[in-house]
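**Q** For reference, the structure I am asking about is given below.
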Amino acid sequence: MSIVRQFDRLCAIRDQLEARLDLHEARFCLGGEDIDDGTERDLRERILEVREEISALEHRPRYFDL
């Protein structure tokens, strides 16, 4: 997989995770969830992992994409 395709895939995953986190936080604020089931923590950890992968790709020399 090319770096550009991998970058695009990771950005899409990050966006989906952030949208899920936003929804989770909104539900919590509205009282929809009274119990902390670890979902927020899990989403934040995965978002951080994906951001680190994206950062690694951004700092990778371009000639590796050949």
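Residue numbering restarts at 1 in every chain; chains get A, B, ... in the order shown in the structure tokens, and ligands count up from 1 in that same order.
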Got a sec: who's within 12 Å of Asp37 (chain A), counting only C-alpha atoms, leaving out chain neighbours fewer than 4 positions off, as a ChimeraX atom specification?
**A** /A:24,28,33,41-43
**Q** Would you give me, as a ChimeraX atom specification, the residues in chain A that DSSP reads as alpha helix (DSSP H)?
**A** /A:3-29,39-58
**Q** Could you name the residues that touch Leu23 (chain A) at 12 Å or less, counting only C-alpha atoms, but leaving out those on the same chain fewer than 5 positions away, as a list of chain:residue names?
**A**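 So, after excluding close chain neighbours, the residues are A:Gln16, A:Leu17, A:Glu18, A:Phe28, A:Cys29, A:Leu30, A:Gly32, A:Glu33, A:Thr39, A:Glu40, A:Leu43.
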**Q** May I ask for the distance between CA of Val4 (chain A) and CA of Val50 (chain A), given in Å to one decimal place?
**A**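 About the pair CA of Val4 (chain A) and CA of Val50 (chain A): they are 14.9 Å apart.
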**Q** May I ask which of the residues A:Arg51, A:Glu25, A:Gly38, A:Leu57 is the closest one to Arg5 (chain A), counting only C-alpha atoms?
**A**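 Between A:Arg51, A:Glu25, A:Gly38, A:Leu57, the residue approaching Arg5 (chain A) most closely is A:Leu57.
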**Q** Record the distance separating CA of Pro61 (chain A) and CA of Arg44 (chain A), expressed in Å with one decimal.
**A** 28.2 Å
**Q** Suppose you want the space between CA of Asp36 (chain A) and CA of Ile54 (chain A); what is it in Å?
**A**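 One can read the CA of Asp36 (chain A) to CA of Ile54 (chain A) distance as 28.9 Å.
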